[in-house]
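Please read the structure below before turning to the comments.
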Amino acid sequence: MAVVAPNATEIRGLIRKAKRWDVIFVSLGIACLGIGLLTFATLFLDMLIDGWSRLNPEFFTQFPSRRAGQAGILSAWVGTTLVMLVTAFFAVPLGIGAGVYLEEYAPKNWVTDIIEINITNLAGVPSIVYGLLALGLFVYTFGLGQSILTAGLTLALLILPVVIVATREAIRGIPGIIREGAYALGATKLQTVKDHIVPYSTPGILTGVIIGMSRAIGETAPIITIGALTFIAFLPPSPISDVPPFVNFEWLKAPFTVMPIQMFNWTSRPEAAFQHNAAAAGFILVLMTLLMNGLAIWLRYRLRKNIKW
Amino acid sequence: MVNPMATATHASMLGSANPGATAPAVSGDSPPPLKAESRGLDFYYSNSFQALKSIDMPVYENKVTALIGPSGCGKSTFLRCFNRMHDLYAGNRYAGQIVLHPDNTDLLAKDVDPIEVRMRIGMVFQKPNPFPKTIYENVAYGLRVRGMTQKNQLDDKIEESLRGAALWDEVKHRLGEMGSNLSGGQQQRLCIARALATDPEILLFDEPTSALDPIATASIEELVTELKKKVTILIVTHNMQQAARVSDYTAYMYIGELMEFDKTDTIFFKPKRKETEDYITGRFG
Amino acid sequence: MTGPGPSAMPTVVSARLAKKFSRNLRERAIEAILFFAAFVSVLTTVGIVYVLVSESVHFFQRVSLWDFLTDTQWTPLFDDAHFGIMVLLSGTITSSLVALVVAIPMGTVIAVYLSEFATPRAREISKPILELLSGVPTIVYGYFALLFVTPILQALIPGLPGFSLLAAGLVMGIMIVPYVASISEDAMRAVPMALREGSFAMGATRLQTALRVVFPAAISGIAAAYILGISRAVGETMILAVAAGMQPNLTFNPMESAATITAYIVQVALGDLPHGSIGYQTIFAAGLTLMLLTLAFNLVGFYMRKRFREAY
């Protein structure tokens, strides 16, 4: 037999040794995954336990207060809802439009290259820098003040790359033959985009929008940077009025607070009672982002399962 | 490390396979010694598709055996049974035996470690797949996996293998370059050297020239003929001329079955079955 | 829509031409609108650069770049004002290092495990859960670091202050793990199966294949994951603002409390600084430093990712 080949016992010893490392590594991998998951479970439970005493209906219907036991998140959740409305209003059409443009219209030239590099780069810009942008531009240069509109716009810019990337990926998933099929029937580019490309990529786009919005809901730093007040014991004017034209936009200019800011405010108070409030608000935040991300993941899963080109 | 007991140990440790069905008869004079034998081999993919149906076939020592047949006939599947590549993907299932001689080990037995099988049986793939490492480290890989660390031992073995793969003269001054810098044909010879370094008992070739140009193909074919002095060779090819040129024995497969096995001359000039003749003469496939 | 008779041809053609003209106009208008949507990203970048640079210019008219880079004190709001960015940078660097010591080994091990060992089912379950983890708002991680992790660390390490770079860095590391794991795993999964088969055919075990063949083949993608992880750590704000304290402190000791660049910006924003004051301008100078840092990391990461995509 061959000269260098060690005998069977030796080979087997070698394999056994090598395989022992396989087992060690698998244990290590599972341990690391476990640590990650355990941390998350701990965090979730910690919030729930700390905040349990405050998680009652009044917590949602009361304004923040100097007394921890009476403080609630009414102005925070209303503020978050309104800011999210503004964010979605700008981020969704802009993001989808940009995604459609880059996939379906953009010529291959340096302008397109610059746009693409920009989007990639913006996705990596720390969120607090968006806050500085908003402070310098929206608050002072444009004079929008520390308002719901400013916050909504800032977060819209922040999540724009997420929506654009999701839109592009969804569109790229549509095979070329679908496009060619539409053109072959005499459809114009606009008709093809409107009747085929966008509808077929809706679930993918929706996934991106939800993930982006869930990120926006939890963002704290840029909102603090624009100087949003943290003690707001009133609600912005209602968007719906009883006199024609039944809507008003006063609320856009109103000062506001949002959930993460409220939580930050309570967290930085030394009194334990306020920390319970923070935990309760944190639990609601985690729950919301969890639900939204879960929904997005489920949507994507469904999408992969159902559509077979 | 010379150990005369090596093969004997192997046999006793792995447990002998039961003497099973006999391989199909080969025409002409008495056949050379057996290196391996497939006995009643069935193979099922994880989607329960049966890709191989009861295959009995001998593999003769220091001969080249070619597996031919139309696409999807199971020739590559069959080849990959010999080094248990199918074990890498969950749900694949073998039935029957592949017995390796002289120690009579059933390669497919549950208690036989596929890693051990792969240490004894080398493989060269359809497309050259050098590792993203230097030429030297590509050839050293199998030796390192086997725990060889001494530099001079490695050096000797690597030169020997590269010479064996007819690549030494072309690369001896650039062993530190990445394997991927070589041309396609050189890459494939590097993969052959990589497989040779560990002194395999059988070398499996899965359409080794399908991604190469005619000149590179010719050099690989020449190499195969040269290599059979040292190692038993099993080669899958879609090219009948190639089978005729390089092989001593040829197996014609069709939809998972072994239709005919014989000396290559017999298969090409006096096939026993009509189906084989149709395929060989191009009336089919 | 069906073909008209031959006699009707001329009028129909001109009508069609007119229709085509208006249609073209509409198509063009839509294209212009879509282009604008895409161009918003460029405007955003221009806006960021404009705001940061213009405010920083005012700042550097009052403070020399040399002082900014070499001064060892950061006391912009004191009478005896000093503007040594190194003070804030030391906090950023130290907390990022702590985070990376956690995130890179854990993220890599998880990526190798998921890509090379886990069953497809285990992978399908684990990856979304990791994504969920990375979706948790950072303010929540901040709370967790301050009120859960810090007390535990204090019990283990006597003398650890209530705010520390260590606690914030550790939690930040856990936050970055999914990010590093996910991109590294993508890089490893992009390695062609043929390479793995080549290694297995040599008799290599899974770990040997993973570490000696797959990992080196995916190295530029994995490096990109690390670099993007670093960039995340450097730009992270809330965990640090909550758990690492807001006192500027030139230190590389994770057991101490120190403000990072981001925490400083939060601290100033929480106060009520008049627009145009030097204090107001400091946050833009700090922001510019942060932006340049992350930009450098992102560009390197982007380049490496592109390179590994080209490889296969």
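Just remember, in the structure tokens the first chain shown is A, the second B, etc., residues are 1-based per chain, and ligands are 1-based in the order shown.
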| query | Could you name the residues that touch region 99-103 of chain A at 6 Å or less, counting only C-alpha atoms, but leaving out those on the same chain fewer than 4 positions away, as JSON, numbers by chain? | reply | {"A": [164, 167, 168], "C": [34]}
| query | Which residues come within 12 Å of Asn298 (chain C), counting only C-alpha atoms, excluding same-chain residues fewer than 2 positions away, as a ChimeraX atom specification? | reply | /A:117-126 /C:223-232,234-235,291-296,300-306
| field | Residues near Glu131 (chain C), cut-off 10 Å, only C-alpha atoms, skip fewer than 2 positions along chain, as a ChimeraX atom specification | value | /A:290,293-294,297 /C:126-129,133-136,178-179,182
Region 146-235 of chain A near region 298-301 of chain A within 12 Å: what's each residue's closest atom pair and its distance in Å to one decimal, counting only C-alpha atoms, ordered by chain then ascending residue number, as JSON lines?
```
{"residue": "A:Ala166", "atom": "CA", "partner": "A:Arg300", "partner_atom": "CA", "distance": 10.9}
{"residue": "A:Glu169", "atom": "CA", "partner": "A:Arg300", "partner_atom": "CA", "distance": 11.8}
{"residue": "A:Ala170", "atom": "CA", "partner": "A:Arg300", "partner_atom": "CA", "distance": 10.2}
{"residue": "A:Ser201", "atom": "CA", "partner": "A:Arg300", "partner_atom": "CA", "distance": 11.2}
{"residue": "A:Thr202", "atom": "CA", "partner": "A:Leu299", "partner_atom": "CA", "distance": 10.6}
{"residue": "A:Pro203", "atom": "CA", "partner": "A:Leu299", "partner_atom": "CA", "distance": 6.8}
{"residue": "A:Gly204", "atom": "CA", "partner": "A:Arg300", "partner_atom": "CA", "distance": 6.7}
{"residue": "A:Ile205", "atom": "CA", "partner": "A:Arg300", "partner_atom": "CA", "distance": 9.8}
{"residue": "A:Leu206", "atom": "CA", "partner": "A:Leu299", "partner_atom": "CA", "distance": 8.3}
{"residue": "A:Thr207", "atom": "CA", "partner": "A:Leu299", "partner_atom": "CA", "distance": 6.5}
{"residue": "A:Gly208", "atom": "CA", "partner": "A:Arg300", "partner_atom": "CA", "distance": 9.5}
{"residue": "A:Val209", "atom": "CA", "partner": "A:Leu299", "partner_atom": "CA", "distance": 11.6}
{"residue": "A:Ile210", "atom": "CA", "partner": "A:Leu299", "partner_atom": "CA", "distance": 10.0}
{"residue": "A:Ile211", "atom": "CA", "partner": "A:Leu299", "partner_atom": "CA", "distance": 11.1}
```
I need the residues from that last selection saved to file as a PDB file, in the first residue's frame (with all heavy atoms), if you can.
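Result file follows (part.pdb):
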```pdb
ATOM      1  N   ALA A 166     -35.743  47.927  -0.500  1.00  0.00           N
ATOM      2  CA  ALA A 166     -36.783  46.891  -0.538  1.00  0.00           C
ATOM      3  C   ALA A 166     -37.524  46.934  -1.867  1.00  0.00           C
ATOM      4  O   ALA A 166     -37.816  45.897  -2.472  1.00  0.00           O
ATOM      5  CB  ALA A 166     -37.746  47.073   0.625  1.00  0.00           C
ATOM      6  N   GLU A 169     -35.341  45.496  -4.594  1.00  0.00           N
ATOM      7  CA  GLU A 169     -35.214  44.040  -4.525  1.00  0.00           C
ATOM      8  C   GLU A 169     -36.488  43.365  -4.998  1.00  0.00           C
ATOM      9  O   GLU A 169     -36.451  42.360  -5.704  1.00  0.00           O
ATOM     10  CB  GLU A 169     -34.858  43.600  -3.105  1.00  0.00           C
ATOM     11  CG  GLU A 169     -33.350  43.459  -2.973  1.00  0.00           C
ATOM     12  CD  GLU A 169     -32.902  43.283  -1.546  1.00  0.00           C
ATOM     13  OE1 GLU A 169     -33.726  42.863  -0.707  1.00  0.00           O
ATOM     14  OE2 GLU A 169     -31.729  43.570  -1.266  1.00  0.00           O
ATOM     15  N   ALA A 170     -37.629  43.934  -4.609  1.00  0.00           N
ATOM     16  CA  ALA A 170     -38.908  43.349  -5.022  1.00  0.00           C
ATOM     17  C   ALA A 170     -39.051  43.415  -6.542  1.00  0.00           C
ATOM     18  O   ALA A 170     -39.486  42.456  -7.183  1.00  0.00           O
ATOM     19  CB  ALA A 170     -40.057  44.089  -4.339  1.00  0.00           C
ATOM     20  N   SER A 201     -44.838  43.744  -7.185  1.00  0.00           N
ATOM     21  CA  SER A 201     -43.805  43.848  -6.154  1.00  0.00           C
ATOM     22  C   SER A 201     -44.360  44.409  -4.844  1.00  0.00           C
ATOM     23  O   SER A 201     -43.600  44.640  -3.918  1.00  0.00           O
ATOM     24  CB  SER A 201     -42.631  44.698  -6.665  1.00  0.00           C
ATOM     25  OG  SER A 201     -43.102  45.862  -7.287  1.00  0.00           O
ATOM     26  N   THR A 202     -45.683  44.591  -4.777  1.00  0.00           N
ATOM     27  CA  THR A 202     -46.270  45.189  -3.575  1.00  0.00           C
ATOM     28  C   THR A 202     -45.898  44.471  -2.273  1.00  0.00           C
ATOM     29  O   THR A 202     -45.509  45.140  -1.314  1.00  0.00           O
ATOM     30  CB  THR A 202     -47.798  45.273  -3.706  1.00  0.00           C
ATOM     31  OG1 THR A 202     -48.083  46.024  -4.875  1.00  0.00           O
ATOM     32  CG2 THR A 202     -48.411  45.958  -2.512  1.00  0.00           C
ATOM     33  N   PRO A 203     -46.003  43.143  -2.207  1.00  0.00           N
ATOM     34  CA  PRO A 203     -45.678  42.520  -0.917  1.00  0.00           C
ATOM     35  C   PRO A 203     -44.243  42.821  -0.487  1.00  0.00           C
ATOM     36  O   PRO A 203     -43.996  43.114   0.687  1.00  0.00           O
ATOM     37  CB  PRO A 203     -45.856  41.029  -1.191  1.00  0.00           C
ATOM     38  CG  PRO A 203     -46.684  40.939  -2.413  1.00  0.00           C
ATOM     39  CD  PRO A 203     -46.417  42.169  -3.219  1.00  0.00           C
ATOM     40  N   GLY A 204     -43.314  42.781  -1.424  1.00  0.00           N
ATOM     41  CA  GLY A 204     -41.914  43.072  -1.094  1.00  0.00           C
ATOM     42  C   GLY A 204     -41.745  44.505  -0.633  1.00  0.00           C
ATOM     43  O   GLY A 204     -41.032  44.779   0.334  1.00  0.00           O
ATOM     44  N   ILE A 205     -42.415  45.423  -1.326  1.00  0.00           N
ATOM     45  CA  ILE A 205     -42.326  46.833  -0.950  1.00  0.00           C
ATOM     46  C   ILE A 205     -42.920  47.033   0.438  1.00  0.00           C
ATOM     47  O   ILE A 205     -42.348  47.704   1.294  1.00  0.00           O
ATOM     48  CB  ILE A 205     -43.053  47.713  -1.977  1.00  0.00           C
ATOM     49  CG1 ILE A 205     -42.355  47.610  -3.345  1.00  0.00           C
ATOM     50  CG2 ILE A 205     -43.101  49.165  -1.513  1.00  0.00           C
ATOM     51  CD1 ILE A 205     -43.073  48.318  -4.466  1.00  0.00           C
ATOM     52  N   LEU A 206     -44.068  46.391   0.655  1.00  0.00           N
ATOM     53  CA  LEU A 206     -44.750  46.510   1.946  1.00  0.00           C
ATOM     54  C   LEU A 206     -43.828  46.044   3.075  1.00  0.00           C
ATOM     55  O   LEU A 206     -43.744  46.683   4.127  1.00  0.00           O
ATOM     56  CB  LEU A 206     -46.021  45.657   1.909  1.00  0.00           C
ATOM     57  CG  LEU A 206     -47.114  46.057   2.873  1.00  0.00           C
ATOM     58  CD1 LEU A 206     -47.532  47.491   2.623  1.00  0.00           C
ATOM     59  CD2 LEU A 206     -48.306  45.118   2.743  1.00  0.00           C
ATOM     60  N   THR A 207     -43.134  44.936   2.833  1.00  0.00           N
ATOM     61  CA  THR A 207     -42.191  44.436   3.829  1.00  0.00           C
ATOM     62  C   THR A 207     -41.176  45.522   4.184  1.00  0.00           C
ATOM     63  O   THR A 207     -40.921  45.783   5.357  1.00  0.00           O
ATOM     64  CB  THR A 207     -41.441  43.211   3.262  1.00  0.00           C
ATOM     65  OG1 THR A 207     -42.400  42.295   2.779  1.00  0.00           O
ATOM     66  CG2 THR A 207     -40.601  42.551   4.316  1.00  0.00           C
ATOM     67  N   GLY A 208     -40.626  46.158   3.153  1.00  0.00           N
ATOM     68  CA  GLY A 208     -39.640  47.204   3.390  1.00  0.00           C
ATOM     69  C   GLY A 208     -40.229  48.383   4.138  1.00  0.00           C
ATOM     70  O   GLY A 208     -39.607  48.928   5.050  1.00  0.00           O
ATOM     71  N   VAL A 209     -41.444  48.764   3.767  1.00  0.00           N
ATOM     72  CA  VAL A 209     -42.096  49.902   4.423  1.00  0.00           C
ATOM     73  C   VAL A 209     -42.301  49.596   5.915  1.00  0.00           C
ATOM     74  O   VAL A 209     -42.005  50.422   6.781  1.00  0.00           O
ATOM     75  CB  VAL A 209     -43.435  50.236   3.746  1.00  0.00           C
ATOM     76  CG1 VAL A 209     -44.227  51.234   4.583  1.00  0.00           C
ATOM     77  CG2 VAL A 209     -43.206  50.783   2.346  1.00  0.00           C
ATOM     78  N   ILE A 210     -42.772  48.383   6.196  1.00  0.00           N
ATOM     79  CA  ILE A 210     -43.033  48.030   7.597  1.00  0.00           C
ATOM     80  C   ILE A 210     -41.732  48.038   8.393  1.00  0.00           C
ATOM     81  O   ILE A 210     -41.663  48.583   9.505  1.00  0.00           O
ATOM     82  CB  ILE A 210     -43.722  46.652   7.694  1.00  0.00           C
ATOM     83  CG1 ILE A 210     -45.108  46.726   7.049  1.00  0.00           C
ATOM     84  CG2 ILE A 210     -43.843  46.221   9.137  1.00  0.00           C
ATOM     85  CD1 ILE A 210     -45.768  45.386   6.899  1.00  0.00           C
ATOM     86  N   ILE A 211     -40.680  47.443   7.822  1.00  0.00           N
ATOM     87  CA  ILE A 211     -39.404  47.420   8.545  1.00  0.00           C
ATOM     88  C   ILE A 211     -38.894  48.848   8.765  1.00  0.00           C
ATOM     89  O   ILE A 211     -38.434  49.199   9.856  1.00  0.00           O
ATOM     90  CB  ILE A 211     -38.368  46.562   7.784  1.00  0.00           C
ATOM     91  CG1 ILE A 211     -38.763  45.093   7.890  1.00  0.00           C
ATOM     92  CG2 ILE A 211     -36.966  46.777   8.342  1.00  0.00           C
ATOM     93  CD1 ILE A 211     -37.888  44.156   7.114  1.00  0.00           C
TER      94      ILE A 211
END
```
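Proximity to Ser38 (chain B) at 10 Å, evaluated using only C-alpha atoms and with sequence-adjacent residues fewer than 4 positions away removed, yields Gly20, Ala21, Thr22, Ala23, Asp42, Ser54, Ile55, Asp56, Met57, Pro58, Val59, Phe78, Cys81, Phe82, Gly96, Gln97, Ile98, Val99, Leu100, Asp106 and Leu107 of chain B.
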| said: Please check the contacts: residues of chain A at most 7 Å away from chain C, using only C-alpha atoms, listed as a VMD selection string. | reply: chain A and resid 18 to 19 22 26 29 32 to 33 36 40 43 94 97 to 98 101 115 118 to 119 121 124 to 126 129 132 to 133 136 to 137 190 215 218 to 221 224 to 225 227 260 264 267 to 268 282 286 289 to 290 293 297
| said: Using only C-alpha atoms and a cut-off of 9 Å, which residues of chain B sit close to chain C? Please list them as a PyMOL selection string. | reply: chain B and resi 83-85+88+90+114-125+127-133+141-142+145-146+191+194-195+198
Selection export as an mmCIF file, in the first residue's frame, atoms kept: C-alpha atoms:
```cif
data_model
loop_
_atom_site.group_PDB
_atom_site.id
_atom_site.type_symbol
_atom_site.label_atom_id
_atom_site.label_comp_id
_atom_site.auth_asym_id
_atom_site.auth_seq_id
_atom_site.Cartn_x
_atom_site.Cartn_y
_atom_site.Cartn_z
ATOM 1 C CA ASN B 83 -17.000 8.731 -1.993
ATOM 2 C CA ARG B 84 -20.331 9.236 -0.267
ATOM 3 C CA MET B 85 -20.744 12.792 -1.550
ATOM 4 C CA LEU B 88 -23.556 15.979 2.407
ATOM 5 C CA ALA B 90 -29.878 15.549 4.054
ATOM 6 C CA PRO B 114 -17.852 8.984 4.972
ATOM 7 C CA ILE B 115 -14.794 11.055 5.883
ATOM 8 C CA GLU B 116 -12.720 7.889 6.039
ATOM 9 C CA VAL B 117 -14.125 6.813 2.680
ATOM 10 C CA ARG B 118 -13.163 10.163 1.168
ATOM 11 C CA MET B 119 -9.679 9.852 2.571
ATOM 12 C CA ARG B 120 -9.246 6.666 0.564
ATOM 13 C CA ILE B 121 -11.064 7.723 -2.593
ATOM 14 C CA GLY B 122 -10.226 10.981 -4.320
ATOM 15 C CA MET B 123 -12.370 13.026 -6.653
ATOM 16 C CA VAL B 124 -11.895 15.528 -9.459
ATOM 17 C CA PHE B 125 -14.890 17.650 -10.359
ATOM 18 C CA LYS B 127 -15.388 22.386 -13.169
ATOM 19 C CA PRO B 128 -11.944 23.009 -11.730
ATOM 20 C CA ASN B 129 -12.506 24.097 -8.131
ATOM 21 C CA PRO B 130 -9.163 25.132 -6.666
ATOM 22 C CA PHE B 131 -9.457 26.546 -3.152
ATOM 23 C CA PRO B 132 -8.868 30.269 -2.719
ATOM 24 C CA LYS B 133 -5.340 29.491 -1.557
ATOM 25 C CA TYR B 141 -4.748 20.725 1.894
ATOM 26 C CA GLY B 142 -5.464 16.997 2.036
ATOM 27 C CA VAL B 145 -6.304 17.581 6.947
ATOM 28 C CA ARG B 146 -4.524 14.313 7.660
ATOM 29 C CA CYS B 191 -7.158 19.655 -8.610
ATOM 30 C CA ARG B 194 -4.534 17.894 -4.881
ATOM 31 C CA ALA B 195 -6.328 14.569 -5.063
ATOM 32 C CA THR B 198 -3.083 11.816 -0.381
#
```
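Using only C-alpha atoms, the nearest neighbour of chain A within the list B:Ser46, B:Thr264, B:Gln153, B:Asn181 is B:Gln153.
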